[in-house]
Amino acid sequence: MRQRLTETQKYDIIAAKDKSYDGVFFVGVLTTAIFCRPGCPARIPNPENCRYYDTAAQALKAGYRACKKCHPASHNAQDAPLVKRLIALVEDDPAKVWREGDLKAIGIDPSTARRQFKRRFDMSFTAYARARRLTLGLKTLAEGGDMIEAQLASGYESESGFRKAFGDAFGQTSGDALYVDWIDTPHGPMIAVASAKALFLLEFTDRVKLDRQMRRVAKKNCVNILPGRTLIHDQITDELKHYFSGDLTEFKTPLALTGTDFQKATWQALLRIPYGQTQSYAQLAETVGNPKSFRAVANSNANNGLALIVPCHRVIAKDGTLGGYAGGLDRKQKLLDMEREG
């Protein structure tokens, strides 16, 4: 019986493409959302992008899809041909809603498929297919698509069905990973990324380069971002409701700032701008302690990743015009008007 391997030892095995460890553990790659066997012939990932799992089921449930080169999901399984075929069917058309009639039409007995998939992964074939569809919807939102696009990408005919399936599949979570869910607001839907203890990202779904923001948070914190909801999501949802009702002027949700020391200093300065007031980029640079750094301040302002809470919408140009806003100038003006009227 092999001794328990450290992550360093596991990476060395992957780098050596040692097939003798195939089935002993599996590696998920953050940048591709794919999981592999240690001996996979594909390009070797960077160590900071690797996450390790004892079973293929754990990797599947963490949101990774099986590699098409090394087929980790069917390794050493007596029922490998059917399991491999079922996974291939999903990956060839991730948005398809699989029903018993569809399986029968291609010569697969639904009960056999359910039994073999369940035995291999401790989850049903339909549950796996549903999770993959929901991941497509999440990806659509992260890339700036609207709710209808996300719903259609996931193969759901109604928004309510999409939301219910999302909740049923991922539920309330309290682990150490980061989880993403969306929040409806009067100014458009927002995506919230949080752990069980803090909020890492809050952005409007149509924000420019939202997918890049999510990847940055995942990489800097060395975690996966998975569909799910924590108590932090509940807290920020409630606070946003009161903010847009004019009943809240200061957010209390715990924050986790992901950035450089300069960026964090800029964001802390933003947090000190009072509700209903504005500052120019030049004034913000002076607050940070470097009056000549207004361009760097503007860049940090645009990339804070915590819209509304870290109030980058309260920073305007020196001449009084709005300046820039990743969430759109029309929304920025409405937010400022709302706060001034409140």
# chains A, B, ... in the order shown; residues from 1 in each chain; ligands from 1
call {"tool": "select_by_dssp", "arguments": {"residues": "region 36-141 of chain A", "states": "alpha helix (DSSP H)", "output": "VMD selection string"}}
result
chain A and resid 56 to 61 80 to 92 100 to 105 110 to 121 125 to 141
call {"tool": "closest_residue", "arguments": {"among": "A:Ala129, A:Leu226, A:Ala326, A:Met123", "to": "Gln213 (chain A)", "atoms": "only C-alpha atoms"}}
result
A:Ala326
call {"tool": "closest_residue", "arguments": {"among": "A:Gln263, A:Lys19, A:Arg133, A:Gln268", "to": "Glu91 (chain A)", "atoms": "only C-alpha atoms"}}
result
A:Arg133
call {"tool": "atom_distance", "arguments": {"atom1": "CA of Asp247 (chain A)", "atom2": "CA of Met338 (chain A)"}}
result
11.6 Å
call {"tool": "select_by_dssp", "arguments": {"residues": "region 192-312 of chain A", "states": "strand (DSSP E or B)", "output": "short mmCIF file (atom, residue, chain, number, x, y, z; two decimals) with C-alpha atoms, in the first residue's frame"}}
result
data_model
loop_
_atom_site.label_atom_id
_atom_site.label_comp_id
_atom_site.auth_asym_id
_atom_site.auth_seq_id
_atom_site.Cartn_x
_atom_site.Cartn_y
_atom_site.Cartn_z
CA ALA A 192 -21.35 37.44 -6.22
CA VAL A 193 -18.32 35.26 -5.43
CA ALA A 194 -17.89 34.41 -1.75
CA LEU A 199 -17.17 38.37 -0.22
CA PHE A 200 -14.46 38.28 -2.92
CA LEU A 201 -16.25 39.68 -5.95
CA LEU A 202 -19.48 41.51 -6.72
CA GLU A 203 -20.09 42.75 -10.25
CA PHE A 204 -22.91 43.44 -12.66
CA ILE A 225 -14.93 29.09 -8.18
CA LEU A 226 -17.91 26.76 -8.15
CA PRO A 227 -21.66 27.29 -8.42
CA ARG A 229 -24.31 29.84 -2.19
CA LEU A 255 -14.70 41.64 2.34
CA GLN A 279 -14.10 62.59 -5.48
CA SER A 280 -11.95 63.16 -8.54
CA LEU A 306 -16.52 44.81 -5.58
#
call {"tool": "closest_atom_pairs", "arguments": {"of": "region 193-221 of chain A", "to": "region 26-48 of chain A", "cutoff": "12 Å", "atoms": "only C-alpha atoms", "output": "JSON lines"}}
result
{"residue": "A:Arg212", "atom": "CA", "partner": "A:Thr31", "partner_atom": "CA", "distance": 11.6}
{"residue": "A:Met214", "atom": "CA", "partner": "A:Thr31", "partner_atom": "CA", "distance": 11.5}
{"residue": "A:Arg215", "atom": "CA", "partner": "A:Thr31", "partner_atom": "CA", "distance": 8.2}
{"residue": "A:Arg216", "atom": "CA", "partner": "A:Thr31", "partner_atom": "CA", "distance": 10.8}
{"residue": "A:Val217", "atom": "CA", "partner": "A:Leu30", "partner_atom": "CA", "distance": 11.8}
{"residue": "A:Ala218", "atom": "CA", "partner": "A:Leu30", "partner_atom": "CA", "distance": 8.2}
{"residue": "A:Lys219", "atom": "CA", "partner": "A:Leu30", "partner_atom": "CA", "distance": 8.1}
{"residue": "A:Lys220", "atom": "CA", "partner": "A:Glu48", "partner_atom": "CA", "distance": 9.7}
{"residue": "A:Asn221", "atom": "CA", "partner": "A:Glu48", "partner_atom": "CA", "distance": 10.2}
call {"tool": "write_last_selection", "arguments": {"atoms": "C-alpha atoms", "output": "mmCIF file, in the first residue's frame"}}
result
data_model
loop_
_atom_site.group_PDB
_atom_site.id
_atom_site.type_symbol
_atom_site.label_atom_id
_atom_site.label_comp_id
_atom_site.auth_asym_id
_atom_site.auth_seq_id
_atom_site.Cartn_x
_atom_site.Cartn_y
_atom_site.Cartn_z
ATOM 1 C CA ARG A 212 -11.127 37.952 -16.447
ATOM 2 C CA MET A 214 -13.281 35.858 -11.930
ATOM 3 C CA ARG A 215 -10.130 34.148 -13.207
ATOM 4 C CA ARG A 216 -7.981 36.703 -11.352
ATOM 5 C CA VAL A 217 -9.772 36.016 -8.066
ATOM 6 C CA ALA A 218 -9.467 32.255 -8.553
ATOM 7 C CA LYS A 219 -5.768 32.416 -9.435
ATOM 8 C CA LYS A 220 -4.725 34.876 -6.726
ATOM 9 C CA ASN A 221 -6.486 32.863 -4.043
#
call {"tool": "residues_around", "arguments": {"residues": "Leu82 (chain A)", "least_positions_apart": "5", "cutoff": "9 Å", "atoms": "only C-alpha atoms", "output": "count of residues only"}}
result
6
call {"tool": "closest_residue", "arguments": {"among": "A:Thr249, A:Thr258, A:Gln277, A:Ser195", "to": "Ile232 (chain A)", "atoms": "only C-alpha atoms"}}
result
A:Ser195
call {"tool": "atom_distance", "arguments": {"atom1": "CA of His242 (chain A)", "atom2": "CA of Leu284 (chain A)"}}
result
27.3 Å
call {"tool": "residues_around", "arguments": {"residues": "Ser300 (chain A)", "least_positions_apart": "2", "cutoff": "9 Å", "atoms": "only C-alpha atoms", "output": "VMD selection string"}}
result
chain A and resid 259 262 to 264 266 to 267 295 to 298 302 to 304
call {"tool": "atom_distance", "arguments": {"atom1": "CA of Thr287 (chain A)", "atom2": "CA of Leu329 (chain A)"}}
result
24.2 Å
call {"tool": "closest_residue", "arguments": {"among": "A:Glu7, A:Asp92, A:Arg51, A:Lys332", "to": "Lys68 (chain A)", "atoms": "only C-alpha atoms"}}
result
A:Asp92
call {"tool": "residues_around", "arguments": {"residues": "Leu322 (chain A)", "least_positions_apart": "6", "cutoff": "9 Å", "atoms": "only C-alpha atoms", "output": "list in words"}}
result
His313, Arg314, Val315, Ile316, Leu329, Lys332 and Gln333 of chain A
call {"tool": "decode", "arguments": {"residues": "region 110-127 of chain A", "atoms": "N, CA and C atoms", "output": "PDB file, in the first residue's frame"}}
result
ATOM      1  N   PRO A 110     -31.603   2.826 -19.855  1.00  0.00           N
ATOM      2  CA  PRO A 110     -31.496   3.881 -18.835  1.00  0.00           C
ATOM      3  C   PRO A 110     -31.152   3.359 -17.444  1.00  0.00           C
ATOM      4  N   SER A 111     -31.721   2.234 -17.049  1.00  0.00           N
ATOM      5  CA  SER A 111     -31.445   1.705 -15.711  1.00  0.00           C
ATOM      6  C   SER A 111     -29.996   1.244 -15.598  1.00  0.00           C
ATOM      7  N   THR A 112     -29.453   0.664 -16.672  1.00  0.00           N
ATOM      8  CA  THR A 112     -28.050   0.247 -16.670  1.00  0.00           C
ATOM      9  C   THR A 112     -27.136   1.459 -16.597  1.00  0.00           C
ATOM     10  N   ALA A 113     -27.486   2.482 -17.366  1.00  0.00           N
ATOM     11  CA  ALA A 113     -26.695   3.714 -17.352  1.00  0.00           C
ATOM     12  C   ALA A 113     -26.703   4.329 -15.963  1.00  0.00           C
ATOM     13  N   ARG A 114     -27.873   4.381 -15.352  1.00  0.00           N
ATOM     14  CA  ARG A 114     -27.993   4.972 -14.015  1.00  0.00           C
ATOM     15  C   ARG A 114     -27.185   4.184 -12.993  1.00  0.00           C
ATOM     16  N   ARG A 115     -27.289   2.861 -13.048  1.00  0.00           N
ATOM     17  CA  ARG A 115     -26.609   2.003 -12.075  1.00  0.00           C
ATOM     18  C   ARG A 115     -25.098   2.075 -12.226  1.00  0.00           C
ATOM     19  N   GLN A 116     -24.588   1.995 -13.448  1.00  0.00           N
ATOM     20  CA  GLN A 116     -23.141   1.987 -13.648  1.00  0.00           C
ATOM     21  C   GLN A 116     -22.523   3.358 -13.355  1.00  0.00           C
ATOM     22  N   PHE A 117     -23.218   4.409 -13.741  1.00  0.00           N
ATOM     23  CA  PHE A 117     -22.692   5.746 -13.471  1.00  0.00           C
ATOM     24  C   PHE A 117     -22.690   6.025 -11.978  1.00  0.00           C
ATOM     25  N   LYS A 118     -23.753   5.614 -11.301  1.00  0.00           N
ATOM     26  CA  LYS A 118     -23.859   5.811  -9.855  1.00  0.00           C
ATOM     27  C   LYS A 118     -22.765   5.039  -9.125  1.00  0.00           C
ATOM     28  N   ARG A 119     -22.517   3.783  -9.555  1.00  0.00           N
ATOM     29  CA  ARG A 119     -21.488   2.973  -8.910  1.00  0.00           C
ATOM     30  C   ARG A 119     -20.105   3.583  -9.121  1.00  0.00           C
ATOM     31  N   ARG A 120     -19.888   4.175 -10.268  1.00  0.00           N
ATOM     32  CA  ARG A 120     -18.557   4.726 -10.586  1.00  0.00           C
ATOM     33  C   ARG A 120     -18.303   6.061  -9.906  1.00  0.00           C
ATOM     34  N   PHE A 121     -19.337   6.921  -9.837  1.00  0.00           N
ATOM     35  CA  PHE A 121     -19.115   8.291  -9.374  1.00  0.00           C
ATOM     36  C   PHE A 121     -19.962   8.713  -8.178  1.00  0.00           C
ATOM     37  N   ASP A 122     -20.824   7.856  -7.697  1.00  0.00           N
ATOM     38  CA  ASP A 122     -21.722   8.199  -6.600  1.00  0.00           C
ATOM     39  C   ASP A 122     -22.610   9.384  -6.972  1.00  0.00           C
ATOM     40  N   MET A 123     -22.936   9.496  -8.240  1.00  0.00           N
ATOM     41  CA  MET A 123     -23.883  10.487  -8.730  1.00  0.00           C
ATOM     42  C   MET A 123     -24.491   9.920 -10.006  1.00  0.00           C
ATOM     43  N   SER A 124     -25.724  10.278 -10.273  1.00  0.00           N
ATOM     44  CA  SER A 124     -26.396   9.717 -11.441  1.00  0.00           C
ATOM     45  C   SER A 124     -25.916  10.392 -12.718  1.00  0.00           C
ATOM     46  N   PHE A 125     -26.173   9.739 -13.835  1.00  0.00           N
ATOM     47  CA  PHE A 125     -25.814  10.306 -15.135  1.00  0.00           C
ATOM     48  C   PHE A 125     -26.556  11.619 -15.362  1.00  0.00           C
ATOM     49  N   THR A 126     -27.838  11.650 -15.018  1.00  0.00           N
ATOM     50  CA  THR A 126     -28.609  12.876 -15.222  1.00  0.00           C
ATOM     51  C   THR A 126     -28.104  14.011 -14.335  1.00  0.00           C
ATOM     52  N   ALA A 127     -27.637  13.687 -13.118  1.00  0.00           N
ATOM     53  CA  ALA A 127     -27.084  14.720 -12.227  1.00  0.00           C
ATOM     54  C   ALA A 127     -25.801  15.299 -12.816  1.00  0.00           C
TER      55      ALA A 127
END
